[in-house]
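Shown here: work37.tsv, TSV, C-alpha atoms.
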```tsv
chain	number	residue	atom	x	y	z
A	643	MET	CA	-31.36	-6.19	20.92
A	644	ILE	CA	-30.10	-6.69	17.38
A	645	ILE	CA	-30.99	-4.00	14.84
A	646	ASP	CA	-30.69	-4.38	11.09
A	647	ALA	CA	-29.24	-1.10	9.81
A	648	ALA	CA	-30.90	-1.62	6.42
A	649	GLU	CA	-34.30	-1.24	8.08
A	650	LEU	CA	-33.56	2.14	9.66
A	651	ASP	CA	-34.39	5.57	8.32
A	652	ALA	CA	-31.81	8.36	8.71
A	653	ALA	CA	-33.29	9.78	11.93
A	654	HIS	CA	-33.32	6.44	13.77
A	655	ALA	CA	-29.81	5.58	12.59
A	656	TYR	CA	-28.65	9.01	13.74
A	657	LYS	CA	-30.16	8.48	17.20
A	658	LEU	CA	-28.39	5.13	17.53
A	659	LEU	CA	-25.06	6.62	16.52
A	660	ILE	CA	-25.15	9.72	18.70
A	661	GLY	CA	-26.41	7.77	21.71
A	662	SER	CA	-23.70	5.15	21.38
A	663	ILE	CA	-20.59	7.08	20.37
A	664	ILE	CA	-20.09	9.14	23.52
A	665	PRO	CA	-18.62	11.45	24.55
A	666	ARG	CA	-17.80	13.31	21.36
A	667	ALA	CA	-15.58	16.35	21.19
A	668	VAL	CA	-17.34	19.50	20.01
A	669	ALA	CA	-15.74	21.53	17.22
A	670	TRP	CA	-17.19	25.01	17.46
A	671	VAL	CA	-16.64	25.83	13.82
A	672	SER	CA	-16.29	29.43	12.72
A	673	THR	CA	-16.45	30.32	9.04
A	674	VAL	CA	-17.02	33.37	6.90
A	675	SER	CA	-19.11	33.58	3.75
A	676	THR	CA	-17.87	34.92	0.44
A	677	GLU	CA	-19.83	38.08	1.34
A	678	GLY	CA	-17.88	38.41	4.60
A	679	VAL	CA	-20.60	37.28	7.05
A	680	ALA	CA	-19.27	35.30	10.01
A	681	ASN	CA	-20.94	32.03	11.01
A	682	LEU	CA	-20.67	29.66	13.97
A	683	ALA	CA	-21.88	26.09	14.42
A	684	PRO	CA	-21.16	23.24	16.86
A	685	ILE	CA	-20.10	20.03	15.11
A	686	SER	CA	-19.69	16.86	17.15
A	687	PHE	CA	-18.81	14.54	14.30
A	688	PHE	CA	-15.24	15.76	14.78
A	689	THR	CA	-11.88	14.09	15.23
A	690	ALA	CA	-8.18	14.17	14.37
A	691	VAL	CA	-7.20	12.25	11.23
A	692	GLY	CA	-3.53	13.06	10.63
A	693	ARG	CA	-0.25	14.09	12.26
A	694	LYS	CA	2.08	15.26	9.49
A	695	PRO	CA	0.55	17.48	8.41
A	696	PRO	CA	-1.82	17.81	11.39
A	697	MET	CA	-5.33	17.27	10.11
A	698	VAL	CA	-8.88	17.14	11.51
A	699	SER	CA	-12.20	16.06	10.07
A	700	ILE	CA	-15.74	17.32	10.57
A	701	THR	CA	-18.92	15.81	9.17
A	702	LEU	CA	-21.78	18.11	8.25
A	703	GLN	CA	-25.39	17.15	7.69
A	704	PRO	CA	-28.00	19.19	5.78
A	705	GLN	CA	-30.60	21.32	7.52
A	706	ALA	CA	-33.70	19.84	9.14
A	707	ASP	CA	-35.44	19.46	5.78
A	708	GLY	CA	-32.82	16.86	4.85
A	709	VAL	CA	-31.90	18.64	1.63
A	710	THR	CA	-30.70	22.22	2.18
A	711	LEU	CA	-26.99	22.53	2.87
A	712	LYS	CA	-25.98	24.31	6.06
A	713	ASP	CA	-24.24	27.68	5.94
A	714	THR	CA	-21.16	26.20	7.60
A	715	PHE	CA	-20.67	23.71	4.79
A	716	ILE	CA	-21.37	26.29	2.07
A	717	ASN	CA	-18.82	28.67	3.58
A	718	ILE	CA	-16.18	25.95	3.88
A	719	ARG	CA	-16.82	24.76	0.33
A	720	ASP	CA	-16.73	28.26	-1.14
A	721	THR	CA	-13.77	29.69	0.84
A	722	GLY	CA	-11.71	26.58	1.59
A	723	GLU	CA	-11.16	27.68	5.18
A	724	PHE	CA	-12.54	27.27	8.70
A	725	VAL	CA	-11.57	27.41	12.37
A	726	THR	CA	-12.37	24.83	15.04
A	727	ASN	CA	-12.65	26.29	18.55
A	728	LEU	CA	-12.69	24.32	21.79
A	729	VAL	CA	-15.78	24.81	23.96
A	730	THR	CA	-15.52	25.18	27.74
A	731	LEU	CA	-18.32	25.34	30.27
A	732	PRO	CA	-18.76	29.15	30.39
A	733	GLN	CA	-19.33	29.14	26.62
A	734	ALA	CA	-21.70	26.16	26.51
A	735	ASP	CA	-24.93	28.15	26.24
A	736	ALA	CA	-23.62	30.35	23.42
A	737	MET	CA	-22.30	27.26	21.66
A	738	HIS	CA	-25.72	25.62	21.91
A	739	GLY	CA	-27.39	28.77	20.64
A	740	SER	CA	-25.16	28.79	17.57
A	741	ALA	CA	-26.91	25.59	16.42
A	742	TYR	CA	-30.00	27.68	15.66
A	743	GLY	CA	-30.76	28.16	11.95
A	744	PHE	CA	-29.92	31.84	11.57
A	745	GLU	CA	-30.38	33.40	8.15
A	746	PRO	CA	-27.21	33.46	6.03
A	747	ASP	CA	-26.87	37.25	6.28
A	748	VAL	CA	-26.76	37.19	10.11
A	749	ASP	CA	-23.37	37.50	11.78
A	750	GLU	CA	-23.74	34.84	14.48
A	751	PHE	CA	-20.98	36.32	16.64
A	752	GLU	CA	-23.06	39.48	16.90
A	753	ALA	CA	-26.33	37.59	17.32
A	754	LEU	CA	-24.85	35.62	20.23
A	755	ASP	CA	-22.91	38.57	21.69
A	756	LEU	CA	-19.58	36.81	21.22
A	757	GLY	CA	-16.23	38.46	20.71
A	758	LYS	CA	-14.07	37.75	17.69
A	759	GLU	CA	-10.33	37.34	17.40
A	760	PRO	CA	-8.61	37.57	14.03
A	761	SER	CA	-6.91	34.50	12.64
A	762	GLU	CA	-3.39	34.64	11.25
A	763	VAL	CA	-3.80	32.67	8.02
A	764	VAL	CA	-7.50	32.12	7.29
A	765	ARG	CA	-10.22	34.74	6.95
A	766	ALA	CA	-12.63	33.16	9.42
A	767	PRO	CA	-12.39	34.71	12.90
A	768	ARG	CA	-11.68	32.75	16.07
A	769	VAL	CA	-13.96	32.76	19.11
A	770	LYS	CA	-12.60	35.16	21.68
A	771	ASP	CA	-11.69	33.39	24.96
A	772	ALA	CA	-11.69	29.96	23.32
A	773	PRO	CA	-8.76	28.25	25.06
A	774	ILE	CA	-7.67	26.39	21.93
A	775	SER	CA	-8.40	27.06	18.26
A	776	PHE	CA	-7.20	25.45	15.02
A	777	GLU	CA	-7.00	27.47	11.82
A	778	CYS	CA	-7.73	25.03	8.99
A	779	VAL	CA	-7.61	24.97	5.22
A	780	VAL	CA	-9.59	22.38	3.30
A	781	ASP	CA	-7.67	19.29	2.25
A	782	ARG	CA	-10.62	17.38	0.78
A	783	ILE	CA	-14.42	17.19	0.87
A	784	ILE	CA	-16.04	13.76	0.67
A	785	PRO	CA	-19.80	13.28	0.01
A	786	VAL	CA	-21.24	10.59	2.31
A	787	GLY	CA	-24.37	8.45	2.09
A	788	ASP	CA	-26.99	7.53	-0.45
A	789	ASP	CA	-28.31	11.08	-0.89
A	790	GLY	CA	-24.94	12.83	-1.08
A	791	VAL	CA	-26.04	15.62	1.25
A	792	ASP	CA	-23.77	14.66	4.17
A	793	HIS	CA	-20.15	15.72	3.72
A	794	VAL	CA	-16.90	14.90	5.48
A	795	VAL	CA	-14.42	17.77	5.42
A	796	TRP	CA	-10.75	17.16	6.08
A	797	GLY	CA	-8.95	20.29	7.20
A	798	ARG	CA	-5.20	20.79	7.41
A	799	VAL	CA	-4.31	22.70	10.57
A	800	VAL	CA	-2.07	25.63	9.65
A	801	ARG	CA	-2.07	27.45	13.00
A	802	PHE	CA	-2.64	26.28	16.58
A	803	HIS	CA	-3.80	28.91	19.08
A	804	VAL	CA	-3.30	27.69	22.65
A	805	ARG	CA	-3.81	29.77	25.78
A	806	ASP	CA	-0.42	30.28	27.36
A	807	ASP	CA	-1.21	28.64	30.70
A	808	LEU	CA	-2.40	25.47	28.96
A	809	TYR	CA	0.74	24.85	26.91
A	810	LEU	CA	3.31	22.87	28.89
A	811	GLU	CA	6.12	21.62	26.66
A	812	ARG	CA	6.79	19.86	23.35
A	813	GLY	CA	3.13	20.04	22.34
A	814	ARG	CA	1.73	18.84	25.66
A	815	ILE	CA	-1.54	20.43	26.82
A	816	ASP	CA	-2.58	20.67	30.49
A	817	THR	CA	-5.83	18.84	29.80
A	818	ALA	CA	-6.84	18.70	33.47
A	819	ALA	CA	-7.09	22.51	33.44
A	820	LEU	CA	-9.74	22.48	30.70
A	821	PRO	CA	-13.43	22.24	31.67
A	822	ALA	CA	-14.12	20.97	28.14
A	823	VAL	CA	-17.69	20.35	27.02
A	824	GLY	CA	-18.46	17.20	25.02
A	825	ARG	CA	-21.56	15.92	23.27
A	826	LEU	CA	-23.67	12.93	24.25
A	827	ALA	CA	-26.86	12.22	22.31
A	828	ALA	CA	-28.94	15.41	22.50
A	829	GLU	CA	-27.16	16.59	25.65
A	830	TYR	CA	-23.72	17.73	26.74
A	831	THR	CA	-21.21	16.53	29.27
A	832	LEU	CA	-18.51	18.28	31.26
A	833	VAL	CA	-15.12	16.60	31.24
A	834	GLU	CA	-14.01	16.83	34.84
A	835	ASN	CA	-12.56	13.43	35.79
A	836	VAL	CA	-9.23	11.90	34.84
A	837	PHE	CA	-7.79	8.48	35.59
A	838	THR	CA	-5.35	5.84	34.50
A	839	THR	CA	-5.93	2.12	34.78
A	840	PRO	CA	-6.19	-0.10	36.68
A	841	LEU	CA	-8.61	1.43	39.16
A	842	ASP	CA	-9.29	0.01	42.60
A	843	LYS	CA	-11.87	-2.80	42.50
A	844	GLU	CA	-13.83	-1.28	45.39
A	845	LEU	CA	-14.18	1.99	43.45
A	846	LEU	CA	-15.33	0.09	40.36
A	847	GLU	CA	-17.89	-1.84	42.37
A	848	ALA	CA	-19.16	1.32	44.05
A	849	ARG	CA	-19.82	2.88	40.66
A	850	ARG	CA	-21.62	-0.13	39.18
A	851	GLY	CA	-24.99	1.03	37.78
A	852	HIS	CA	-24.07	4.65	38.54
A	853	ARG	CA	-25.84	7.25	36.34
A	854	MET	CA	-24.26	10.48	35.24
A	855	GLN	CA	-24.91	13.44	37.51
A	856	ARG	CA	-27.16	16.05	35.92
A	857	LEU	CA	-26.04	19.67	36.27
A	858	ASP	CA	-29.26	21.20	34.90
A	859	GLY	CA	-31.80	20.04	37.48
A	860	GLN	CA	-33.72	17.81	35.06
A	861	PRO	CA	-34.92	14.34	36.19
A	862	ALA	CA	-32.27	11.62	36.00
A	863	ASP	CA	-33.88	9.86	33.03
A	864	TRP	CA	-34.88	13.01	31.06
A	865	SER	CA	-33.52	13.62	27.57
A	866	PRO	CA	-34.26	16.39	25.07
A	867	ILE	CA	-34.16	13.79	22.32
A	868	SER	CA	-37.73	12.93	23.36
A	869	THR	CA	-39.00	16.52	23.04
A	870	LYS	CA	-40.40	18.37	20.04
A	871	GLU	CA	-37.48	20.79	20.17
A	872	TRP	CA	-35.02	18.05	19.17
A	873	SER	CA	-34.01	17.94	15.52
A	874	PRO	CA	-32.36	15.01	13.72
A	875	SER	CA	-30.19	17.56	11.90
A	876	GLY	CA	-28.64	18.82	15.15
A	877	GLU	CA	-30.24	22.24	14.75
A	878	VAL	CA	-31.80	24.14	17.64
A	879	ARG	CA	-35.43	24.87	16.79
A	880	VAL	CA	-35.94	27.70	19.29
A	881	ALA	CA	-34.09	30.98	18.87
A	882	PRO	CA	-31.40	31.77	21.47
A	883	GLY	CA	-32.86	33.76	24.34
A	884	SER	CA	-36.34	32.29	23.87
A	885	GLU	CA	-38.00	30.08	26.46
A	886	HIS	CA	-36.63	26.51	26.41
A	887	SER	CA	-33.77	27.54	24.13
A	888	ASN	CA	-31.56	25.19	26.14
A	889	GLU	CA	-33.37	22.21	24.65
A	890	ASP	CA	-31.94	20.61	21.52
```
Translate this file's structure into structure tokens.
Amino acid sequence: MIIDAAELDAAHAYKLLIGSIIPRAVAWVSTVSTEGVANLAPISFFTAVGRKPPMVSITLQPQADGVTLKDTFINIRDTGEFVTNLVTLPQADAMHGSAYGFEPDVDEFEALDLGKEPSEVVRAPRVKDAPISFECVVDRIIPVGDDGVDHVVWGRVVRFHVRDDLYLERGRIDTAALPAVGRLAAEYTLVENVFTTPLDKELLEARRGHRMQRLDGQPADWSPISTKEWSPSGEVRVAPGSEHSNED
């Protein structure tokens, strides 16, 4: 299958990207508005982009209408600050719920019954019990695409918060102790295997054609990307706590 990118609309291009670039780390981004209202959103277009100074990037799309900017971006643009929090399995449902389009005056920590921890440098709170959090200040904001409504944000990390039992030495993290949650297309994955290469040929052969194990009881070939609840903006269309709110 060869696909000409010039013939794709934004939704189809998005599906191809998110279904191909897997797994993606999830930045659970906490911000605060200029009015002091706290916001949370999961962003999977997220990676490290620098070492000295340490720097990360997140890419934010508009809301489902393709035009309106998301609260997370507005808060980052207006305050110049944000926090990225690591998501582990016990927090996965709350993280997913934070993708719902709450009104700007809603404190999403309160709406999702999540605890806050104060940051040291930035005004945005951290997610309580997040094993790792980065306090970030904006380095640059780059408009992306023909419409200029997608934005890449580069954030300079000014504070690392690492749970004591995870920090080993000289910056090393005990990654095997983290049940980190990553993003696939419209689903999530639990990071629970580690390996170095080469692996035994018999093991490789035994896993040929092997599908991922589902933890949610859905059929092996099911995907929320085929349901009406899925949104090409990454938003959750059903309010947290409602029936089927686990579908993206």
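With distances restricted to all atoms listed in the file, A:Phe715 is the closest residue to Val794 in chain A from A:Phe837, A:Phe751, A:Tyr742, A:Phe715.
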Interatomic distance, CA of Leu659 in chain A to CA of Ile718 in chain A (Å, one decimal): 24.7 Å
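For the atom pair formed by CA of Asp713 in chain A and CA of Pro746 in chain A, the distance is 6.5 Å, given to one decimal.
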Point-to-point distance in Å for CA of Val836 in chain A and CA of Gly661 in chain A: 22.0 Å
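Non-sequential neighbours of Ala690 in chain A (distance at most 10 Å, separation of 5 or more positions within a chain, only C-alpha atoms) are Pro696, Met697, Val698, Ser699, Ile700, Trp796 and Gly797 of chain A.
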Polymer residues at most 9 Å from Ile664 in chain A, all atoms listed in the file, same-chain spacing of 4 or more positions, as a count of residues only: 6
Neighbour list for Pro760 in chain A as a PyMOL selection string, cut-off 12 Å, all atoms listed in the file, skip fewer than 2 positions in-chain: chain A and resi 672-674+680+725+757-758+762-770+775+777+803
Just C-alpha atoms for this one: save the residues we selected as a compact mmCIF listing (two decimals), in the coordinates of the input.
```txt
# COMPACT_ATOMS: atom_id res chain seq x y z
CA SER A 672 -16.29 29.43 12.72
CA THR A 673 -16.45 30.32 9.04
CA VAL A 674 -17.02 33.37 6.90
CA ALA A 680 -19.27 35.30 10.01
CA VAL A 725 -11.57 27.41 12.37
CA GLY A 757 -16.23 38.46 20.71
CA LYS A 758 -14.07 37.75 17.69
CA GLU A 762 -3.39 34.64 11.25
CA VAL A 763 -3.80 32.67 8.02
CA VAL A 764 -7.50 32.12 7.29
CA ARG A 765 -10.22 34.74 6.95
CA ALA A 766 -12.63 33.16 9.42
CA PRO A 767 -12.39 34.71 12.90
CA ARG A 768 -11.68 32.75 16.07
CA VAL A 769 -13.96 32.76 19.11
CA LYS A 770 -12.60 35.16 21.68
CA SER A 775 -8.40 27.06 18.26
CA GLU A 777 -7.00 27.47 11.82
CA HIS A 803 -3.80 28.91 19.08
```
Selection near Leu808 in chain A, 9 Å with only C-alpha atoms, sequence-local residues under 2 positions removed, as a ChimeraX atom specification: /A:773-774,804-806,810,814-817,819-820
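Considering all atoms listed in the file, the residue among A:Thr701, A:Ser675, A:Asn835, A:Ser873 positioned nearest to Phe687 in chain A is A:Thr701.
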Just the residues within 9 Å of Val748 in chain A, please, counting all atoms listed in the file, with nothing from its chain fewer than 4 positions along; format it as a short mmCIF file (atom, residue, chain, number, x, y, z; two decimals) with C-alpha atoms, in the coordinates of the input.
```cif
data_model
loop_
_atom_site.label_atom_id
_atom_site.label_comp_id
_atom_site.auth_asym_id
_atom_site.auth_seq_id
_atom_site.Cartn_x
_atom_site.Cartn_y
_atom_site.Cartn_z
CA VAL A 679 -20.60 37.28 7.05
CA ALA A 680 -19.27 35.30 10.01
CA ASN A 681 -20.94 32.03 11.01
CA PHE A 744 -29.92 31.84 11.57
CA GLU A 752 -23.06 39.48 16.90
CA ALA A 753 -26.33 37.59 17.32
#
```
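Compared by their closest atoms to Lys712 in chain A, and using all atoms listed in the file, the residues A:Arg879, A:Arg798, A:His793, A:Lys694 rank with A:His793 nearest.
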Counting all atoms listed in the file, the option among A:Phe776, A:Ser865, A:Pro785, A:Val800 closest to Gln703 in chain A: A:Pro785
